[in-house]
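Have a look at the structure below before the remarks.
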There are 2 protein chains.
Amino acid sequence: MTTHISDSEADRLKARVAWLYFIGGMTQQQIAREMGITRLRVNRLIGQVRTEGAISIKLNLPLAENVALEEALKERFGLLDAAVLPTMPDYADIQRTIGEAAGRMLETHLEHFKGIGVGWGRTLSHAGRCIRSEHSDLTHVVSLMGARTRGSGSNTIEVATSIANVLGMECYYLTAPLYCRSAQVLNALLEDDDLALTMERAERVEVALVACGDLSERSSVMQLGIVQEMQAELLDCGAVGDVLGCFLDAEGRIVDHPLNRTRVALSPEALRDKPVSILASGGRNKLQILHASLRGGYFNHLVTDEETARALVSEQDSDNR
Amino acid sequence: MTTHISDSEADRLKARVAWLYFIGGMTQQQIAREMGITRLRVNRLIGQVRTEGAISIKLNLPLAENVALEEALKERFGLLDAAVLPTMPDYADIQRTIGEAAGRMLETHLEHFKGIGVGWGRTLSHAGRCIRSEHSDLTHVVSLMGARTRGSGSNTIEVATSIANVLGMECYYLTAPLYCRSAQVLNALLEDDDLALTMERAERVEVALVACGDLSERSSVMQLGIVQEMQAELLDCGAVGDVLGCFLDAEGRIVDHPLNRTRVALSPEALRDKPVSILASGGRNKLQILHASLRGGYFNHLVTDEETARALVSEQDSDNR
DNA sequence: GGGCAGAGGTTACAAATGTCATTTTGAATA
DNA sequence: TATTCAAAATGACATTTGTAACCTCTGCCC
């Protein structure tokens with residue numbers, strides 16, 4: 001059987017082989033037999049088509065897009081893992097789904113590490129729900145930050161407790177306000193041995209589950225009178241939100257503000273050394289602080305919603321220095 | 001490692017696996033390792049996605065569409081093979097490319113059969129160009145129809161000769177006009193032993209390469225004075241064109257007209273028994289007669305152009321009886 | 001509490017696929 | 001005509017994929 005080397009003929013062959021293989025679902029051997037050529041040649045032609053990029057595969061699964069976003073986020077912000085959830089119409093549902101997913105993500109790391117540190121916020125308050133206790137080589141849960149005096153379901157104390165409960169672990173709290181009135185008060189507090197010990201524990205946890213907050217009225221941090229008073233000031237400093245009560249600017253840098261200096265909480269910078277630091281947050285209003293937190297490189301895991309994820313990956317980095 | 005049976009979680013898993021496999025190009029084993037599940041499960045998930053039809057593959061090759069058309073034509077008209085060529089802007093080029101492709105298609109069957117029968121027409125006049133002689137177990141080429149007295153390059157005599165030449169085969173001609181003036185003349189002609197023998201040869205060829213013609217001024221058959229005279233009459237009979245000089249109606253039936261009865265040529269119906277009967281024709285004006293010829297079931301191979309092919313497969317069959 | 005259904009794991013195996021080194025072939029060129 | 005080069009065929013082989021038989025666990029229904 002002769003074969004002519006006319007270009008168009010070669011193209012026809014290639015197209016036919018590709019069609020039969022990808023659309024027709026035939027096997028390379030079948031195609032070879034049917035067209036009277038070697039399987040190897042079929043194989044090579046298909047290889048060509050593949051490398052030419054002449055073939056585009058589309059997944060019609062609703063969540064396929066999200067997987068693409070997850071990969072993009074990992075790539076973009078150097079993350080070890082990312083989870084992107086469908087954006088629910090109701091903000092409360094966004095928080096719930098993200099919290100639950102964060103719980104599941106946390107769970108996958110329980111096997112390998114001992115101590116877990118947690119932050120606060122409505123999002124994290126849902127994390128406990130989705131964790132199953134099974135691996136009991138864990139030891140404890142630590143709150144990574146000072147707490148509000150008033151319980152609300154999303155207080156770091158409550159978040160830590162709920163996770164400790166489902167896992168059957170001990171729980172440690174930073175029994176202090178998140179912000180002290182002055183450096184003196186802060187120093188005095190830290191002389192308390194118990195508190196210092198817990199702080200030390202917080203430093204040592206290997207897994208951190210943290211949210212971030214914006215500077216709107218709704219945000220957890222704004223419920224604190226001391227922060228409310230300083231909202232304008234914070235904005236002036238360039239702050240776009242907080243991580244563990246620490247205010248960051250759009251670049252993810254810790255802003256120079258008194259509140260940041262009298263804070264009783266783990267520093268975001270300490271998160272950089274954690275084997276697992278999960279940032280769980282979503283919704284349109286969190287976009288700025290999320291972006292900042294990621295640019296700051298404080299986290300290596302992210303849980304967010306689809307719309308926010310899309311915005312995060314499409315946003316240009318302004319630091320083209 | 002636990003896995004939760006939440007639907008959305010299962011969907012996420014499926015989407016992720018599918019994405020990594022189809023878009024990410026990872027191997028099933030890699031995916032399994034990375035996601036901490038069995039390869040088998042990955043395989044099953046991918047199988048699910050496949051059967052769900054959630055995956056659509058698109059070929060960006062220019063000719064891929066044509067392959068799809070070829071398959072559709074085969075399916076639609078019960079053909080063994082079909083070739084669809086890009087529609088060239090110039091009609092002459094359409095004829096040339098179709099003729100050349102028909103030659104190549106013919107060639108693939110040379111190995112297995114002895115005698116080749118050919119028709120006429122500008123399209124077929126290009127067929128010889130693309131045939132290489134190699135398999136010399138062939139014996140002869142036969143013209144399947146009476147001929148014009150005047151050579152034009154596309155006369156059946158010339159078509160047969162050119163093919164016989166490249167193949168180094170003997171050539172037989174039906175040395176008679178395509179249409180006789182009367183049944184008497186026809187009968188008288190057929191008393192010629194040589195002619196009858198050639199006719200017999202024509203009946204026996206196993207491979208036929210034939211074109212079809214419409215009833216426009218340009219068509220080969222219209223070059224014959226006797227046909228020109230009867231154009232109106234033919235149209236009245238419902239004729240839409242001819243195959244081997246035999247006029248067919250839109251359904252592909254042989255119309256009842258004197259010309260069809262005094263014709264010196266193989267009957268289209270004889271083509272039905274040929275192992276290989278190739279219809280080579282294209283261009284907008286050939287659509288009707290092409291469709292008719294195919295519906296008549298005279299051919300098991302087709303060579304045409306893309307645009308015509310599209311029209312052929314999309315055209316509704318009116319016989320929903 | 002016992003049995004059931006079903007998802008998922010384990011093992012094993014056959015088929016399909018990708019790759020390699022080597023030979024053959026065809027066509028172009030000197 | 002001889003030479004040379006590239007495409008394609010060949011045969012051998014490792015990897016990947018699909019499939020089956022069989023087992024285990026879990027939630028569920030009675």
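Here's how to read the names in the structure tokens: chain A, B, ... by the order shown, residue numbers from 1 in each chain, ligand numbers from 1 in the order shown.
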
message: Run DSSP on the backbone and tell me which residues of segment 142-298 of chain B come out as strand (DSSP E or B); list them as a PyMOL selection string.
response: chain B and resi 142-146+170-174+179+207-210+212-213+239-243+246-249+254+263+265+276-280

Generate a file of the selected residues that holds N, CA and C atoms, formatted as an mmCIF file, in the first residue's frame.
data_model
loop_
_atom_site.group_PDB
_atom_site.id
_atom_site.type_symbol
_atom_site.label_atom_id
_atom_site.label_comp_id
_atom_site.auth_asym_id
_atom_site.auth_seq_id
_atom_site.Cartn_x
_atom_site.Cartn_y
_atom_site.Cartn_z
ATOM 1 N N VAL B 142 -12.273 -0.507 -18.250
ATOM 2 C CA VAL B 142 -13.369 -0.484 -19.214
ATOM 3 C C VAL B 142 -14.143 0.812 -19.072
ATOM 4 N N SER B 143 -14.479 1.370 -20.215
ATOM 5 C CA SER B 143 -15.395 2.501 -20.165
ATOM 6 C C SER B 143 -16.797 1.958 -19.977
ATOM 7 N N LEU B 144 -17.540 2.568 -19.079
ATOM 8 C CA LEU B 144 -18.861 2.029 -18.742
ATOM 9 C C LEU B 144 -19.972 2.612 -19.593
ATOM 10 N N MET B 145 -19.619 3.459 -20.555
ATOM 11 C CA MET B 145 -20.669 4.161 -21.288
ATOM 12 C C MET B 145 -20.211 4.529 -22.693
ATOM 13 N N GLY B 146 -21.202 4.741 -23.531
ATOM 14 C CA GLY B 146 -20.913 5.251 -24.868
ATOM 15 C C GLY B 146 -20.259 6.613 -24.756
ATOM 16 N N GLU B 170 -4.637 -2.797 -20.041
ATOM 17 C CA GLU B 170 -5.418 -2.740 -21.276
ATOM 18 C C GLU B 170 -6.634 -1.861 -21.054
ATOM 19 N N CYS B 171 -7.177 -1.355 -22.155
ATOM 20 C CA CYS B 171 -8.328 -0.470 -22.034
ATOM 21 C C CYS B 171 -9.387 -0.839 -23.063
ATOM 22 N N TYR B 172 -10.632 -0.881 -22.623
ATOM 23 C CA TYR B 172 -11.731 -1.201 -23.539
ATOM 24 C C TYR B 172 -12.708 -0.032 -23.581
ATOM 25 N N TYR B 173 -13.183 0.256 -24.794
ATOM 26 C CA TYR B 173 -14.135 1.353 -24.960
ATOM 27 C C TYR B 173 -15.466 0.837 -25.471
ATOM 28 N N LEU B 174 -16.506 1.458 -25.018
ATOM 29 C CA LEU B 174 -17.822 1.189 -25.617
ATOM 30 C C LEU B 174 -17.920 2.090 -26.841
ATOM 31 N N TYR B 179 -26.251 7.937 -26.614
ATOM 32 C CA TYR B 179 -27.684 7.723 -26.871
ATOM 33 C C TYR B 179 -27.894 7.400 -28.340
ATOM 34 N N VAL B 207 -14.841 -2.835 -9.824
ATOM 35 C CA VAL B 207 -14.649 -1.491 -9.305
ATOM 36 C C VAL B 207 -15.170 -0.485 -10.320
ATOM 37 N N ALA B 208 -16.001 0.419 -9.885
ATOM 38 C CA ALA B 208 -16.529 1.439 -10.793
ATOM 39 C C ALA B 208 -16.239 2.828 -10.249
ATOM 40 N N LEU B 209 -15.748 3.675 -11.122
ATOM 41 C CA LEU B 209 -15.486 5.064 -10.736
ATOM 42 C C LEU B 209 -16.356 5.954 -11.604
ATOM 43 N N VAL B 210 -17.328 6.582 -10.986
ATOM 44 C CA VAL B 210 -18.367 7.261 -11.738
ATOM 45 C C VAL B 210 -18.625 8.646 -11.161
ATOM 46 N N CYS B 212 -21.481 12.147 -11.490
ATOM 47 C CA CYS B 212 -22.873 12.375 -11.845
ATOM 48 C C CYS B 212 -22.988 13.788 -12.393
ATOM 49 N N GLY B 213 -24.009 14.019 -13.178
ATOM 50 C CA GLY B 213 -24.143 15.325 -13.809
ATOM 51 C C GLY B 213 -25.506 15.928 -13.537
ATOM 52 N N ALA B 239 -36.541 14.487 -13.819
ATOM 53 C CA ALA B 239 -35.110 14.205 -13.800
ATOM 54 C C ALA B 239 -34.356 15.349 -13.121
ATOM 55 N N VAL B 240 -33.365 14.998 -12.332
ATOM 56 C CA VAL B 240 -32.541 16.028 -11.691
ATOM 57 C C VAL B 240 -31.082 15.925 -12.143
ATOM 58 N N GLY B 241 -30.774 14.912 -12.935
ATOM 59 C CA GLY B 241 -29.407 14.754 -13.403
ATOM 60 C C GLY B 241 -29.199 13.344 -13.899
ATOM 61 N N ASP B 242 -27.921 13.009 -14.200
ATOM 62 C CA ASP B 242 -27.669 11.676 -14.740
ATOM 63 C C ASP B 242 -26.494 10.996 -14.062
ATOM 64 N N VAL B 243 -26.540 9.685 -14.104
ATOM 65 C CA VAL B 243 -25.425 8.845 -13.683
ATOM 66 C C VAL B 243 -25.163 7.910 -14.854
ATOM 67 N N CYS B 246 -27.678 8.001 -17.435
ATOM 68 C CA CYS B 246 -29.034 7.573 -17.071
ATOM 69 C C CYS B 246 -29.659 8.628 -16.172
ATOM 70 N N PHE B 247 -30.816 9.107 -16.561
ATOM 71 C CA PHE B 247 -31.438 10.210 -15.817
ATOM 72 C C PHE B 247 -32.234 9.703 -14.618
ATOM 73 N N LEU B 248 -32.030 10.365 -13.504
ATOM 74 C CA LEU B 248 -32.674 9.963 -12.257
ATOM 75 C C LEU B 248 -33.561 11.081 -11.731
ATOM 76 N N ASP B 249 -34.605 10.707 -11.007
ATOM 77 C CA ASP B 249 -35.410 11.738 -10.340
ATOM 78 C C ASP B 249 -34.851 11.980 -8.937
ATOM 79 N N ILE B 254 -34.853 5.723 -11.700
ATOM 80 C CA ILE B 254 -34.599 5.955 -13.122
ATOM 81 C C ILE B 254 -35.887 6.467 -13.755
ATOM 82 N N ARG B 263 -30.085 4.160 -24.334
ATOM 83 C CA ARG B 263 -28.781 4.515 -23.828
ATOM 84 C C ARG B 263 -27.814 3.346 -24.015
ATOM 85 N N ALA B 265 -24.866 2.122 -22.217
ATOM 86 C CA ALA B 265 -24.051 2.296 -21.006
ATOM 87 C C ALA B 265 -24.519 1.311 -19.955
ATOM 88 N N VAL B 276 -17.008 -2.368 -5.230
ATOM 89 C CA VAL B 276 -16.596 -0.989 -5.060
ATOM 90 C C VAL B 276 -17.197 -0.113 -6.147
ATOM 91 N N SER B 277 -18.089 0.778 -5.760
ATOM 92 C CA SER B 277 -18.618 1.739 -6.741
ATOM 93 C C SER B 277 -18.460 3.134 -6.143
ATOM 94 N N ILE B 278 -17.627 3.907 -6.801
ATOM 95 C CA ILE B 278 -17.271 5.215 -6.270
ATOM 96 C C ILE B 278 -17.997 6.321 -7.014
ATOM 97 N N LEU B 279 -18.677 7.157 -6.269
ATOM 98 C CA LEU B 279 -19.306 8.333 -6.849
ATOM 99 C C LEU B 279 -18.455 9.544 -6.498
ATOM 100 N N ALA B 280 -17.950 10.213 -7.502
ATOM 101 C CA ALA B 280 -17.086 11.363 -7.269
ATOM 102 C C ALA B 280 -17.714 12.596 -7.876
#

query: For chain A, which residues have at least one atom within 10 Å of chain B, if we go by only C-alpha atoms? Write them as a ChimeraX atom specification, please.
result: /A:1-4,8-9,11-20,22-24,36,49-50,52-68,70-71,83-85,101,104,107-111,130-135

- request: Pick out the residues sitting within 10 Å of segment 12-23 of chain C, and hand them over as a VMD selection string; count only C-alpha atoms (C1' of nucleotides), and ignore anything fewer than 6 positions along from it in its own chain.
  value: (chain A and resid 27 to 29 40 43 to 44 47) or (chain D and resid 9 to 21)

- request: Report the distance between atom CA of Ser219 of chain B and atom CA of Leu186 of chain B in Å, rounded to one decimal place.
  value: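 Taking atom CA of Ser219 of chain B as the start and atom CA of Leu186 of chain B as the end point, the length is 24.0 Å.
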
task: Pull out every residue of chain C sitting within 10 Å of chain B, counting only C-alpha atoms (C1' of nucleotides), and send them as number ranges by chain.
output: C: 7-10

Include all heavy atoms and write out the residues we just selected as a JSON list (two decimals), in the first residue's frame.
[["chain", "number", "residue", "atom", "x", "y", "z"],
["C", 7, "DA", "P", -22.73, 2.44, 45.05],
["C", 7, "DA", "OP1", -23.70, 3.35, 44.43],
["C", 7, "DA", "OP2", -22.17, 1.31, 44.27],
["C", 7, "DA", "O5'", -21.52, 3.29, 45.61],
["C", 7, "DA", "C5'", -21.67, 3.97, 46.87],
["C", 7, "DA", "C4'", -20.39, 3.83, 47.66],
["C", 7, "DA", "O4'", -20.29, 2.49, 48.18],
["C", 7, "DA", "C3'", -19.13, 4.06, 46.82],
["C", 7, "DA", "O3'", -18.27, 4.96, 47.51],
["C", 7, "DA", "C2'", -18.51, 2.68, 46.67],
["C", 7, "DA", "C1'", -18.99, 1.98, 47.93],
["C", 7, "DA", "N9", -19.10, 0.53, 47.81],
["C", 7, "DA", "C8", -19.76, -0.17, 46.85],
["C", 7, "DA", "N7", -19.69, -1.48, 47.00],
["C", 7, "DA", "C5", -18.92, -1.64, 48.13],
["C", 7, "DA", "C6", -18.47, -2.79, 48.81],
["C", 7, "DA", "N6", -18.75, -4.04, 48.44],
["C", 7, "DA", "N1", -17.71, -2.59, 49.91],
["C", 7, "DA", "C2", -17.43, -1.35, 50.29],
["C", 7, "DA", "N3", -17.79, -0.19, 49.73],
["C", 7, "DA", "C4", -18.55, -0.41, 48.64],
["C", 8, "DG", "P", -17.07, 5.60, 46.74],
["C", 8, "DG", "OP1", -16.83, 6.93, 47.33],
["C", 8, "DG", "OP2", -17.29, 5.43, 45.29],
["C", 8, "DG", "O5'", -15.87, 4.66, 47.17],
["C", 8, "DG", "C5'", -15.52, 4.59, 48.56],
["C", 8, "DG", "C4'", -14.64, 3.38, 48.76],
["C", 8, "DG", "O4'", -15.38, 2.18, 48.46],
["C", 8, "DG", "C3'", -13.40, 3.35, 47.86],
["C", 8, "DG", "O3'", -12.24, 3.43, 48.65],
["C", 8, "DG", "C2'", -13.51, 2.02, 47.12],
["C", 8, "DG", "C1'", -14.46, 1.23, 48.02],
["C", 8, "DG", "N9", -15.14, 0.14, 47.33],
["C", 8, "DG", "C8", -15.97, 0.22, 46.25],
["C", 8, "DG", "N7", -16.41, -0.94, 45.85],
["C", 8, "DG", "C5", -15.82, -1.84, 46.72],
["C", 8, "DG", "C6", -15.93, -3.26, 46.80],
["C", 8, "DG", "O6", -16.57, -4.01, 46.07],
["C", 8, "DG", "N1", -15.17, -3.77, 47.83],
["C", 8, "DG", "C2", -14.41, -3.02, 48.71],
["C", 8, "DG", "N2", -13.74, -3.67, 49.64],
["C", 8, "DG", "N3", -14.31, -1.69, 48.66],
["C", 8, "DG", "C4", -15.04, -1.18, 47.64],
["C", 9, "DG", "P", -10.84, 3.33, 47.93],
["C", 9, "DG", "OP1", -9.99, 4.35, 48.55],
["C", 9, "DG", "OP2", -11.03, 3.29, 46.46],
["C", 9, "DG", "O5'", -10.33, 1.91, 48.41],
["C", 9, "DG", "C5'", -10.29, 1.63, 49.82],
["C", 9, "DG", "C4'", -9.76, 0.23, 50.04],
["C", 9, "DG", "O4'", -10.71, -0.72, 49.52],
["C", 9, "DG", "C3'", -8.42, -0.06, 49.34],
["C", 9, "DG", "O3'", -7.54, -0.75, 50.22],
["C", 9, "DG", "C2'", -8.81, -0.93, 48.15],
["C", 9, "DG", "C1'", -10.09, -1.61, 48.62],
["C", 9, "DG", "N9", -11.02, -1.85, 47.53],
["C", 9, "DG", "C8", -11.65, -0.91, 46.75],
["C", 9, "DG", "N7", -12.44, -1.42, 45.85],
["C", 9, "DG", "C5", -12.32, -2.79, 46.03],
["C", 9, "DG", "C6", -12.92, -3.87, 45.35],
["C", 9, "DG", "O6", -13.72, -3.82, 44.40],
["C", 9, "DG", "N1", -12.53, -5.11, 45.85],
["C", 9, "DG", "C2", -11.65, -5.27, 46.89],
["C", 9, "DG", "N2", -11.39, -6.52, 47.23],
["C", 9, "DG", "N3", -11.07, -4.27, 47.55],
["C", 9, "DG", "C4", -11.45, -3.08, 47.07],
["C", 10, "DT", "P", -6.06, -1.02, 49.77],
["C", 10, "DT", "OP1", -5.25, -1.09, 51.00],
["C", 10, "DT", "OP2", -5.73, -0.06, 48.71],
["C", 10, "DT", "O5'", -6.12, -2.47, 49.14],
["C", 10, "DT", "C5'", -6.66, -3.55, 49.91],
["C", 10, "DT", "C4'", -6.40, -4.87, 49.19],
["C", 10, "DT", "O4'", -7.48, -5.12, 48.26],
["C", 10, "DT", "C3'", -5.11, -4.90, 48.37],
["C", 10, "DT", "O3'", -4.36, -6.04, 48.76],
["C", 10, "DT", "C2'", -5.57, -4.97, 46.93],
["C", 10, "DT", "C1'", -6.96, -5.57, 47.04],
["C", 10, "DT", "N1", -7.91, -5.12, 45.99],
["C", 10, "DT", "C2", -8.63, -6.05, 45.28],
["C", 10, "DT", "O2", -8.52, -7.24, 45.43],
["C", 10, "DT", "N3", -9.49, -5.51, 44.34],
["C", 10, "DT", "C4", -9.69, -4.18, 44.06],
["C", 10, "DT", "O4", -10.48, -3.82, 43.20],
["C", 10, "DT", "C5", -8.91, -3.26, 44.85],
["C", 10, "DT", "C7", -9.05, -1.79, 44.64],
["C", 10, "DT", "C6", -8.07, -3.77, 45.77]]

- prompt: Where does DSSP see alpha helix (DSSP H) in segment 93-295 of chain B, if you list the residues as an MDAnalysis selection string?
  reply: chainID B and resid 93:107 156:167 183:190 193:204 225:229 231:236 258:261 268:271 287:295
